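*Asks:* Below you will find the structure I want to go over with you.
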Amino acid sequence: MIHLKGWFSVVSVIGALIVLQSPLPAYCSGFGIFTQGASALGQADAVIAHSNGPSTIFFNPALMNELPGTRIEIGTTLIFPSRDFKSATTGGTTSTEDTVYYPSSFYVSHAFNDKISAGLGVFNPFGLGTEWNGGWKGRYLATKSTITTFNINPVLSYKITPDLSFAAGLDVILLDASLENKVPIVTPIGQFPDANSKFKGDGTGVGYNLGIAYNAGHGLSLGISYRSEVDIDVKGNLNFNLPATPAPIDSILAATFPGTGGKTTITLPRQLFAGVAYQPNDRLTIETGFRWEDWRSFKELKIELNQPVAGQSTITAAKNWHDTFAVNVGGKYRLNDTFTLLGGYLYGWNPVPDDTFEPSVPDANTHLFCIGGEANFDKIMLALSYAYQLQEERSKNNNVGAGIANGTYNSDIHLLGLSVGYRF
């Protein structure tokens with residue numbers, strides 16, 4: 001009989017079906033992404049209560065009424081992560097492979113008149129990505145993984161009064177996943193090289209978003225926006241690349257680890273954004289606010305397989321994430337008719353409790369320091385921003401994965417955002 005050392009590793013691979021892998025490094029909590037515009041990045045996303053171009057479709061679409069005519073904006077953010085692990089048992093260290101990520105966005109807005117505006121945004125609201133060395137201590141939990149989401153977000157905004165606007169939109173979210181880890185193979189005749197498991201799957205979900213913007217006068221404005229939960233049914237295939245073994249071990253392994261389809265449902269969390277902006281003069285705008293994410297939706301993962309893998313056709317694991325907050329302050333200062341300076345700071349708490357913390361989602365409380373600039377040339381707007389994210393040290397000291405990869409995790413991230421806009 002084959003001794004399936006580390007069955008937890010198979011569970012982790014299947015569990016990756018519902019995003020049990022390392023977050024796409026960005027200033028995020030859980031696996032949310034908030035790199036939806038270079039100008040917003042330069043202000044640490046403190047753009048809920050004042051207009052910031054077409055990217056306001058993501059942050060607060062009620063502010064579209066402040067954008068005359070037709071606007072188009074495209075952008076991307078280059079993300080350079082660095083994550084280190086130090087083992088609690090050996091003291092050895094491991095780093096993730098050098099990888100660059102580039103979540104991107106597209107927006108178009110149009111004002112029909114002084115009361116009604118419409119827009120469309122396409123952006124990445126959630127995502128994951130990491131690549132650990134295939135021989136690292138936590139390889140049975142995670143090696144290489146990417147999850148990408150696209151939100152197609154049409155939205156309509158109506159100015160109820162000269163000072164109050166309301167917006168509503170639809171979120172159509174497409175998810176695609178490719179996730180890998182190692183599986184140890186120990187048999188009665190000896191131990192063989194690790195197997196590699198890989199899951200590929202996709203799914204679609206639909207939600208909605210709302211926004212309110214209010215001009216209180218005397219340079220003061222307020223904004224609130226909300227994004228609903230989105231349930232996504234994910235279907236895909238799990239396959240194993242097994243090591244060469246003699247008969248009859250080879251046939252037993254093939255029967256134990258068959259390629260099979262699998263499915264689950266994930267619930268992306270509700271999100272609430274709020275901000276208060278103050279413009280003391282026509283050059284300076286300052287805003288502070290917060291973000292709330294209801295990660296309590298991630299209570300457990302449950303995966304159903306078309307065929308049993310290692311004797312199991314349903315896998316359930318508790319996660320028990322909690323809701324979380326981020327607070328920020330940012331602003332911009334217009335030097336002249338062409339150039340504007342940007343700056344901001346964000347502090348965010350993470351939703352992952354100590355008892356379920358693992359290297360597949362090594363989230364931690366984070367500090368984000370941002371600077372940037374805008375340039376306006378007649379009909380063209382350019383924005384370039386840089387941000388440095390420092391995650392506080394996080395330790396794993398629990399039984400997730402039978403204690404594998406217990407130790408300390410340190411991460412920092414460099415982000416470079418670029419957006420180009422055009423006014424018709």
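Please note that chains go A, B, ... in the order of the structure tokens, that every chain numbers its residues from 1, and that ligands are numbered from 1 in the order shown.
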Quick one: everything within 12 Å of Ile57 (chain A), counting only C-alpha atoms, minus sequence neighbours fewer than 6 positions away in the same chain. Send it as a PyMOL selection string.
*Replies:* chain A and resi 36-37+40+47-48+51+63-67+71-73+105-110+117-123+151-157+167-171+209-212+225-227
*Asks:* Would you mind exporting C-alpha atoms of the selected residues as a short mmCIF file (atom, residue, chain, number, x, y, z; two decimals), in the first residue's frame?
*Replies:*
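The new file selection_5.cif reads:
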data_model
loop_
_atom_site.label_atom_id
_atom_site.label_comp_id
_atom_site.auth_asym_id
_atom_site.auth_seq_id
_atom_site.Cartn_x
_atom_site.Cartn_y
_atom_site.Cartn_z
CA GLN A 36 -6.94 51.05 -10.70
CA GLY A 37 -5.22 54.27 -11.75
CA ALA A 40 -5.15 57.38 -7.46
CA VAL A 47 -9.97 59.75 -4.15
CA ILE A 48 -13.48 58.80 -2.99
CA SER A 51 -12.88 63.66 -8.92
CA LEU A 63 -18.10 61.66 -9.29
CA MET A 64 -18.47 61.08 -13.06
CA ASN A 65 -20.85 64.06 -13.13
CA GLU A 66 -17.80 66.28 -12.57
CA LEU A 67 -16.21 65.06 -15.82
CA ARG A 71 -13.01 60.89 -21.35
CA ILE A 72 -10.88 57.80 -21.99
CA GLU A 73 -8.14 56.48 -19.73
CA SER A 105 -7.35 49.19 -16.49
CA PHE A 106 -9.48 50.86 -19.16
CA TYR A 107 -12.15 53.51 -18.57
CA VAL A 108 -14.46 55.61 -20.70
CA SER A 109 -16.96 58.18 -19.39
CA HIS A 110 -19.47 60.40 -21.18
CA SER A 117 -23.30 60.61 -17.12
CA ALA A 118 -22.42 57.04 -18.09
CA GLY A 119 -19.22 55.06 -18.04
CA LEU A 120 -17.56 51.72 -18.55
CA GLY A 121 -14.58 50.33 -16.65
CA VAL A 122 -12.56 47.16 -17.23
CA PHE A 123 -10.06 46.40 -14.48
CA ASN A 151 -14.43 43.25 -13.91
CA ILE A 152 -16.56 44.62 -16.76
CA ASN A 153 -18.32 47.50 -15.01
CA PRO A 154 -20.94 49.64 -16.85
CA VAL A 155 -22.30 52.42 -14.63
CA LEU A 156 -24.75 55.34 -14.74
CA SER A 157 -24.61 58.50 -12.60
CA ALA A 167 -24.53 56.24 -9.29
CA ALA A 168 -25.29 52.56 -9.85
CA GLY A 169 -23.53 49.95 -11.94
CA LEU A 170 -23.15 46.28 -12.78
CA ASP A 171 -20.07 44.15 -12.00
CA ASN A 209 -21.92 48.80 -7.20
CA LEU A 210 -23.29 52.11 -5.88
CA GLY A 211 -21.85 55.56 -5.28
CA ILE A 212 -22.83 58.85 -3.63
CA SER A 225 -19.10 53.88 -2.69
CA TYR A 226 -20.09 50.25 -2.25
CA ARG A 227 -19.43 47.01 -4.13
#
*Asks:* From a DSSP calculation on the backbone, collect every residue of region 221-338 of chain A in alpha helix (DSSP H) and output the set as a list in words.
*Replies:*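 Reading the DSSP output for region 221-338 of chain A, alpha helix (DSSP H) covers Ile249, Asp250, Ser251, Ile252, Leu253, Ala254, Ala255 and Thr256 of chain A.
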*Asks:* Can I get the selected residues back with N, CA and C atoms, as a PDB file, in the first residue's frame?
*Replies:*
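Written out: result23.pdb:
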ATOM      1  N   ILE A 249       3.674  -0.097  -8.693  1.00  0.00           N
ATOM      2  CA  ILE A 249       3.520   1.205  -8.038  1.00  0.00           C
ATOM      3  C   ILE A 249       2.982   2.238  -9.011  1.00  0.00           C
ATOM      4  N   ASP A 250       3.432   2.206 -10.258  1.00  0.00           N
ATOM      5  CA  ASP A 250       3.011   3.217 -11.223  1.00  0.00           C
ATOM      6  C   ASP A 250       1.508   3.213 -11.443  1.00  0.00           C
ATOM      7  N   SER A 251       0.913   2.006 -11.578  1.00  0.00           N
ATOM      8  CA  SER A 251      -0.523   1.938 -11.811  1.00  0.00           C
ATOM      9  C   SER A 251      -1.312   2.340 -10.563  1.00  0.00           C
ATOM     10  N   ILE A 252      -0.775   2.008  -9.369  1.00  0.00           N
ATOM     11  CA  ILE A 252      -1.462   2.402  -8.131  1.00  0.00           C
ATOM     12  C   ILE A 252      -1.442   3.919  -7.985  1.00  0.00           C
ATOM     13  N   LEU A 253      -0.292   4.531  -8.289  1.00  0.00           N
ATOM     14  CA  LEU A 253      -0.213   5.991  -8.227  1.00  0.00           C
ATOM     15  C   LEU A 253      -1.178   6.643  -9.205  1.00  0.00           C
ATOM     16  N   ALA A 254      -1.240   6.106 -10.422  1.00  0.00           N
ATOM     17  CA  ALA A 254      -2.127   6.674 -11.428  1.00  0.00           C
ATOM     18  C   ALA A 254      -3.582   6.585 -10.987  1.00  0.00           C
ATOM     19  N   ALA A 255      -3.950   5.487 -10.323  1.00  0.00           N
ATOM     20  CA  ALA A 255      -5.320   5.336  -9.843  1.00  0.00           C
ATOM     21  C   ALA A 255      -5.589   6.219  -8.622  1.00  0.00           C
ATOM     22  N   THR A 256      -4.547   6.447  -7.807  1.00  0.00           N
ATOM     23  CA  THR A 256      -4.712   7.260  -6.601  1.00  0.00           C
ATOM     24  C   THR A 256      -4.808   8.735  -6.931  1.00  0.00           C
TER      25      THR A 256
END
*Asks:* Which residues come within 12 Å of Asn239 (chain A), counting only C-alpha atoms, excluding same-chain residues fewer than 4 positions away, as a list in words?
*Replies:*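 After dropping sequence-adjacent residues, the list is Val10, Val13, Ile14, Ser178, Leu179, Glu180, Asn181, Lys182, Val183, Ala195, Asn196, Ser197, Lys198, Phe199, Lys200, Gly201, Ala254, Thr256, Phe257, Pro258, Gly259, Thr260, Gly261, Gly262, Leu305, Gln307 and Val309 of chain A.
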*Asks:* Quick one: write out the picked residues with N, CA and C atoms as a compact mmCIF listing (two decimals), in the first residue's frame?
*Replies:*
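The file below, again-v3.txt, is the result:
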# COMPACT_ATOMS: atom_id res chain seq x y z
N VAL A 10 -2.19 17.71 -1.26
CA VAL A 10 -3.20 17.56 -2.29
C VAL A 10 -4.39 18.45 -1.97
N VAL A 13 -3.65 21.96 -3.07
CA VAL A 13 -3.75 22.21 -4.50
C VAL A 13 -5.20 22.35 -4.91
N ILE A 14 -6.03 21.43 -4.45
CA ILE A 14 -7.44 21.52 -4.78
C ILE A 14 -8.02 22.78 -4.17
N SER A 178 -4.62 29.35 -12.49
CA SER A 178 -3.64 28.31 -12.79
C SER A 178 -2.76 28.17 -11.55
N LEU A 179 -2.85 27.02 -10.87
CA LEU A 179 -2.24 26.86 -9.55
C LEU A 179 -1.47 25.54 -9.47
N GLU A 180 -0.28 25.59 -8.84
CA GLU A 180 0.56 24.40 -8.75
C GLU A 180 1.16 24.25 -7.36
N ASN A 181 1.42 22.97 -6.96
CA ASN A 181 2.26 22.66 -5.81
C ASN A 181 2.80 21.25 -5.95
N LYS A 182 3.60 20.83 -4.98
CA LYS A 182 4.23 19.52 -5.01
C LYS A 182 3.48 18.54 -4.11
N VAL A 183 3.56 17.26 -4.46
CA VAL A 183 2.97 16.19 -3.67
C VAL A 183 4.06 15.17 -3.36
N ALA A 195 5.66 14.52 -6.88
CA ALA A 195 4.76 14.75 -8.01
C ALA A 195 4.43 16.24 -8.08
N ASN A 196 4.03 16.69 -9.26
CA ASN A 196 3.58 18.07 -9.41
C ASN A 196 2.09 18.05 -9.72
N SER A 197 1.34 18.86 -9.01
CA SER A 197 -0.09 18.96 -9.27
C SER A 197 -0.39 20.36 -9.81
N LYS A 198 -1.35 20.41 -10.73
CA LYS A 198 -1.70 21.67 -11.36
C LYS A 198 -3.20 21.74 -11.57
N PHE A 199 -3.77 22.85 -11.15
CA PHE A 199 -5.19 23.09 -11.38
C PHE A 199 -5.36 24.29 -12.32
N LYS A 200 -6.26 24.13 -13.30
CA LYS A 200 -6.63 25.24 -14.17
C LYS A 200 -8.15 25.30 -14.20
N GLY A 201 -8.68 26.49 -13.97
CA GLY A 201 -10.12 26.64 -13.96
C GLY A 201 -10.55 28.07 -14.19
N ALA A 254 -1.24 6.11 -10.42
CA ALA A 254 -2.13 6.67 -11.43
C ALA A 254 -3.58 6.58 -10.99
N THR A 256 -4.55 6.45 -7.81
CA THR A 256 -4.71 7.26 -6.60
C THR A 256 -4.81 8.73 -6.93
N PHE A 257 -4.03 9.17 -7.94
CA PHE A 257 -4.01 10.58 -8.33
C PHE A 257 -4.49 10.74 -9.78
N PRO A 258 -5.76 10.49 -10.04
CA PRO A 258 -6.25 10.63 -11.42
C PRO A 258 -6.46 12.10 -11.78
N GLY A 259 -6.34 12.40 -13.06
CA GLY A 259 -6.77 13.71 -13.50
C GLY A 259 -8.29 13.79 -13.40
N THR A 260 -8.80 14.88 -12.89
CA THR A 260 -10.24 14.96 -12.67
C THR A 260 -10.72 16.40 -12.71
N GLY A 261 -11.98 16.56 -12.98
CA GLY A 261 -12.59 17.87 -12.89
C GLY A 261 -12.97 18.19 -11.46
N GLY A 262 -13.16 19.45 -11.18
CA GLY A 262 -13.54 19.88 -9.85
C GLY A 262 -14.34 21.17 -9.92
N LEU A 305 -14.99 17.04 -6.21
CA LEU A 305 -14.24 16.46 -7.32
C LEU A 305 -15.11 15.48 -8.09
N GLN A 307 -13.94 12.84 -9.62
CA GLN A 307 -13.42 11.53 -9.23
C GLN A 307 -12.66 11.68 -7.92
N VAL A 309 -9.73 11.68 -5.33
CA VAL A 309 -8.28 11.79 -5.36
C VAL A 309 -7.78 11.37 -3.99
*Asks:* Between CA of Pro362 (chain A) and CA of Phe240 (chain A), what is the spacing in Å?
*Replies:*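 Distance between the two atoms: 25.2 Å.
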*Asks:* Kindly give the distance, in Å, that separates CA of Ala277 (chain A) and CA of Trp349 (chain A), rounded to a single decimal.
*Replies:*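 CA of Ala277 (chain A) sits 22.8 Å away from CA of Trp349 (chain A).
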*Asks:* Among region 76-218 of chain A, which residues does DSSP mark as strand (DSSP E) when it is run on the backbone? Keep the chain and numbering as in the structure and answer as a ChimeraX atom specification.
*Replies:* /A:76-87,93-95,104-111,116-123,127-131,144-161,164-187,190-217
*Asks:* Rank A:Ala244, A:Leu268, A:Ile286, A:Val276 by their smallest atom-to-atom distance to Phe192 (chain A), using only C-alpha atoms, and report the top residue only.
*Replies:*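 Distance minimum relative to Phe192 (chain A) lands on A:Ala244.
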*Asks:* With only C-alpha atoms as the counted atoms, please give the residues lying no more than 9 Å from region 366-376 of chain A, apart from itself and same-chain residues fewer than 6 positions off, as a PyMOL selection string.
*Replies:* chain A and resi 27-29+38-39+41-44+330+332+334+337-350+382-392+417
*Asks:* Write to file, as a CSV table (one decimal), in the first residue's frame, the residues of the selection just made, with N, CA and C atoms.
*Replies:*
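The file below, result.csv, is the result:
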chain,number,residue,atom,x,y,z
A,27,TYR,N,-1.1,46.8,-2.8
A,27,TYR,CA,-1.6,47.2,-1.5
A,27,TYR,C,-3.0,46.7,-1.3
A,28,CYS,N,-3.1,45.5,-0.7
A,28,CYS,CA,-4.4,44.8,-0.7
A,28,CYS,C,-4.6,44.2,0.7
A,29,SER,N,-5.8,43.6,0.9
A,29,SER,CA,-6.1,42.8,2.0
A,29,SER,C,-6.7,41.5,1.4
A,38,ALA,N,-3.1,55.4,-12.0
A,38,ALA,CA,-1.8,56.0,-11.5
A,38,ALA,C,-2.0,57.2,-10.6
A,39,SER,N,-3.0,58.1,-11.0
A,39,SER,CA,-3.2,59.2,-10.1
A,39,SER,C,-3.7,58.8,-8.8
A,41,LEU,N,-3.2,56.0,-7.3
A,41,LEU,CA,-2.0,55.3,-6.6
A,41,LEU,C,-1.2,56.4,-5.9
A,42,GLY,N,-0.9,57.5,-6.6
A,42,GLY,CA,-0.1,58.5,-6.1
A,42,GLY,C,-0.7,59.2,-4.9
A,43,GLN,N,-2.0,59.1,-4.7
A,43,GLN,CA,-2.7,59.7,-3.5
A,43,GLN,C,-3.1,58.6,-2.5
A,44,ALA,N,-2.6,57.4,-2.7
A,44,ALA,CA,-2.9,56.2,-1.8
A,44,ALA,C,-4.4,55.9,-1.8
A,330,GLY,N,-4.3,61.4,1.6
A,330,GLY,CA,-3.6,61.8,0.3
A,330,GLY,C,-4.0,63.1,-0.2
A,332,LYS,N,-3.3,66.3,-3.6
A,332,LYS,CA,-2.5,66.8,-4.8
A,332,LYS,C,-2.4,68.3,-4.7
A,334,ARG,N,-1.5,71.5,-7.3
A,334,ARG,CA,-1.3,72.0,-8.7
A,334,ARG,C,-0.2,73.1,-8.7
A,337,ASP,N,-0.7,75.3,-14.6
A,337,ASP,CA,-1.7,74.7,-15.4
A,337,ASP,C,-1.4,73.3,-16.0
A,338,THR,N,-0.1,73.0,-15.9
A,338,THR,CA,0.3,71.7,-16.5
A,338,THR,C,0.6,70.6,-15.5
A,339,PHE,N,1.4,71.0,-14.5
A,339,PHE,CA,1.9,69.9,-13.6
A,339,PHE,C,1.2,69.9,-12.2
A,340,THR,N,1.0,68.7,-11.7
A,340,THR,CA,0.4,68.5,-10.3
A,340,THR,C,1.2,67.5,-9.6
A,341,LEU,N,1.5,67.7,-8.3
A,341,LEU,CA,2.2,66.8,-7.5
A,341,LEU,C,1.2,66.0,-6.7
A,342,LEU,N,1.5,64.7,-6.4
A,342,LEU,CA,0.6,63.8,-5.7
A,342,LEU,C,1.4,63.2,-4.5
A,343,GLY,N,0.7,62.8,-3.5
A,343,GLY,CA,1.3,62.2,-2.3
A,343,GLY,C,0.3,61.5,-1.5
A,344,GLY,N,0.6,60.5,-0.7
A,344,GLY,CA,-0.3,59.8,0.2
A,344,GLY,C,0.3,58.7,1.0
A,345,TYR,N,-0.5,58.3,2.0
A,345,TYR,CA,-0.1,57.2,2.9
A,345,TYR,C,-1.3,56.3,3.2
A,346,LEU,N,-1.1,55.0,3.3
A,346,LEU,CA,-2.2,54.1,3.6
A,346,LEU,C,-1.7,53.1,4.7
A,347,TYR,N,-2.5,52.8,5.6
A,347,TYR,CA,-2.2,51.7,6.6
A,347,TYR,C,-3.4,50.7,6.5
A,348,GLY,N,-3.1,49.4,6.3
A,348,GLY,CA,-4.2,48.4,6.2
A,348,GLY,C,-4.0,47.2,7.1
A,349,TRP,N,-5.1,46.8,7.7
A,349,TRP,CA,-5.0,45.6,8.5
A,349,TRP,C,-5.4,44.4,7.6
A,350,ASN,N,-4.9,43.2,8.0
A,350,ASN,CA,-5.1,42.0,7.2
A,350,ASN,C,-6.2,41.1,7.8
A,382,LEU,N,-1.4,62.7,-18.5
A,382,LEU,CA,-0.5,61.7,-18.1
A,382,LEU,C,-0.3,61.7,-16.6
A,383,ALA,N,-0.2,60.5,-16.0
A,383,ALA,CA,0.0,60.3,-14.6
A,383,ALA,C,1.0,59.2,-14.4
A,384,LEU,N,2.0,59.5,-13.5
A,384,LEU,CA,3.0,58.6,-13.2
A,384,LEU,C,3.2,58.6,-11.7
A,385,SER,N,3.2,57.4,-11.0
A,385,SER,CA,3.3,57.3,-9.6
A,385,SER,C,4.1,56.2,-9.2
A,386,TYR,N,4.7,56.3,-8.0
A,386,TYR,CA,5.5,55.3,-7.4
A,386,TYR,C,5.0,55.0,-5.9
A,387,ALA,N,5.0,53.8,-5.5
A,387,ALA,CA,4.6,53.4,-4.2
A,387,ALA,C,5.5,52.4,-3.6
A,388,TYR,N,5.8,52.5,-2.4
A,388,TYR,CA,6.5,51.4,-1.7
A,388,TYR,C,5.7,50.8,-0.6
A,389,GLN,N,5.5,49.5,-0.6
A,389,GLN,CA,4.6,48.9,0.4
A,389,GLN,C,5.6,48.0,1.3
A,390,LEU,N,5.4,48.2,2.6
A,390,LEU,CA,6.1,47.5,3.6
A,390,LEU,C,5.1,46.7,4.4
A,391,GLN,N,5.2,45.3,4.3
A,391,GLN,CA,4.4,44.5,5.1
A,391,GLN,C,5.1,44.2,6.4
A,392,GLU,N,4.3,44.2,7.5
A,392,GLU,CA,4.9,43.9,8.8
A,392,GLU,C,5.2,42.4,8.9
A,417,GLY,N,3.0,53.0,-11.3
A,417,GLY,CA,1.8,53.2,-12.1
A,417,GLY,C,1.9,54.2,-13.2
*Asks:* For Arg139 (chain A), work out the shell of residues within 10 Å, counting only C-alpha atoms and skipping chain neighbours fewer than 2 positions away, then give it as a PyMOL selection string.
*Replies:* chain A and resi 9+132-137+141-144+180-184+194+196+359-360+404-405
*Asks:* For Ala274 (chain A), work out the shell of residues within 8 Å, counting only C-alpha atoms and skipping chain neighbours fewer than 4 positions away, then give it as a JSON list (two decimals) with N, CA, C and O atoms, in the first residue's frame.
*Replies:*
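Output below, filename around_5.json:
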[["chain", "number", "residue", "atom", "x", "y", "z"],
["A", 48, "ILE", "N", -12.07, 59.18, -3.03],
["A", 48, "ILE", "CA", -13.48, 58.80, -2.99],
["A", 48, "ILE", "C", -14.39, 60.03, -2.98],
["A", 48, "ILE", "O", -15.54, 59.96, -3.38],
["A", 49, "ALA", "N", -13.87, 61.16, -2.52],
["A", 49, "ALA", "CA", -14.69, 62.36, -2.37],
["A", 49, "ALA", "C", -14.33, 63.47, -3.35],
["A", 49, "ALA", "O", -14.98, 64.52, -3.34],
["A", 222, "LEU", "N", -17.86, 65.06, 0.26],
["A", 222, "LEU", "CA", -17.91, 63.73, 0.86],
["A", 222, "LEU", "C", -18.26, 62.71, -0.22],
["A", 222, "LEU", "O", -19.00, 63.02, -1.17],
["A", 223, "GLY", "N", -17.77, 61.50, -0.04],
["A", 223, "GLY", "CA", -18.08, 60.44, -0.98],
["A", 223, "GLY", "C", -18.16, 59.09, -0.31],
["A", 223, "GLY", "O", -17.42, 58.82, 0.64],
["A", 224, "ILE", "N", -19.06, 58.24, -0.81],
["A", 224, "ILE", "CA", -19.20, 56.87, -0.34],
["A", 224, "ILE", "C", -19.47, 56.00, -1.56],
["A", 224, "ILE", "O", -20.25, 56.36, -2.44],
["A", 225, "SER", "N", -18.81, 54.85, -1.63],
["A", 225, "SER", "CA", -19.10, 53.88, -2.69],
["A", 225, "SER", "C", -19.12, 52.47, -2.10],
["A", 225, "SER", "O", -18.48, 52.20, -1.08],
["A", 289, "GLY", "N", -9.77, 59.01, 4.37],
["A", 289, "GLY", "CA", -10.91, 58.10, 4.30],
["A", 289, "GLY", "C", -10.54, 56.71, 4.77],
["A", 289, "GLY", "O", -9.49, 56.49, 5.39],
["A", 290, "PHE", "N", -11.42, 55.77, 4.47],
["A", 290, "PHE", "CA", -11.18, 54.39, 4.87],
["A", 290, "PHE", "C", -11.80, 53.44, 3.86],
["A", 290, "PHE", "O", -12.65, 53.82, 3.03],
["A", 291, "ARG", "N", -11.39, 52.18, 3.96],
["A", 291, "ARG", "CA", -11.94, 51.10, 3.14],
["A", 291, "ARG", "C", -12.28, 49.94, 4.06],
["A", 291, "ARG", "O", -11.47, 49.57, 4.93]]
*Asks:* Can you work out which one of A:Asn397, A:Ile185, A:His322, A:His218 has the shortest atom-to-atom distance to Ala310 (chain A), counting only C-alpha atoms?
*Replies:* A:Ile185
*Asks:* So which residues touch Thr93 (chain A) within 10 Å, counting only C-alpha atoms, skipping near sequence neighbours fewer than 5 positions away, as a list of chain:residue names?
*Replies:*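 Counting only C-alpha atoms, the residues come to A:Asp84, A:Phe85, A:Lys86, A:Ser87, A:Ala88, A:Trp136, A:Lys137, A:Gly407, A:Thr408, A:Tyr409.
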*Asks:* Just checking: using only C-alpha atoms, which residue out of A:Asn124, A:Ser221, A:Ser297, A:Asn320 ends up closest to Thr285 (chain A)?
*Replies:*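 For Thr285 (chain A), the nearest of the given residues is A:Ser221.
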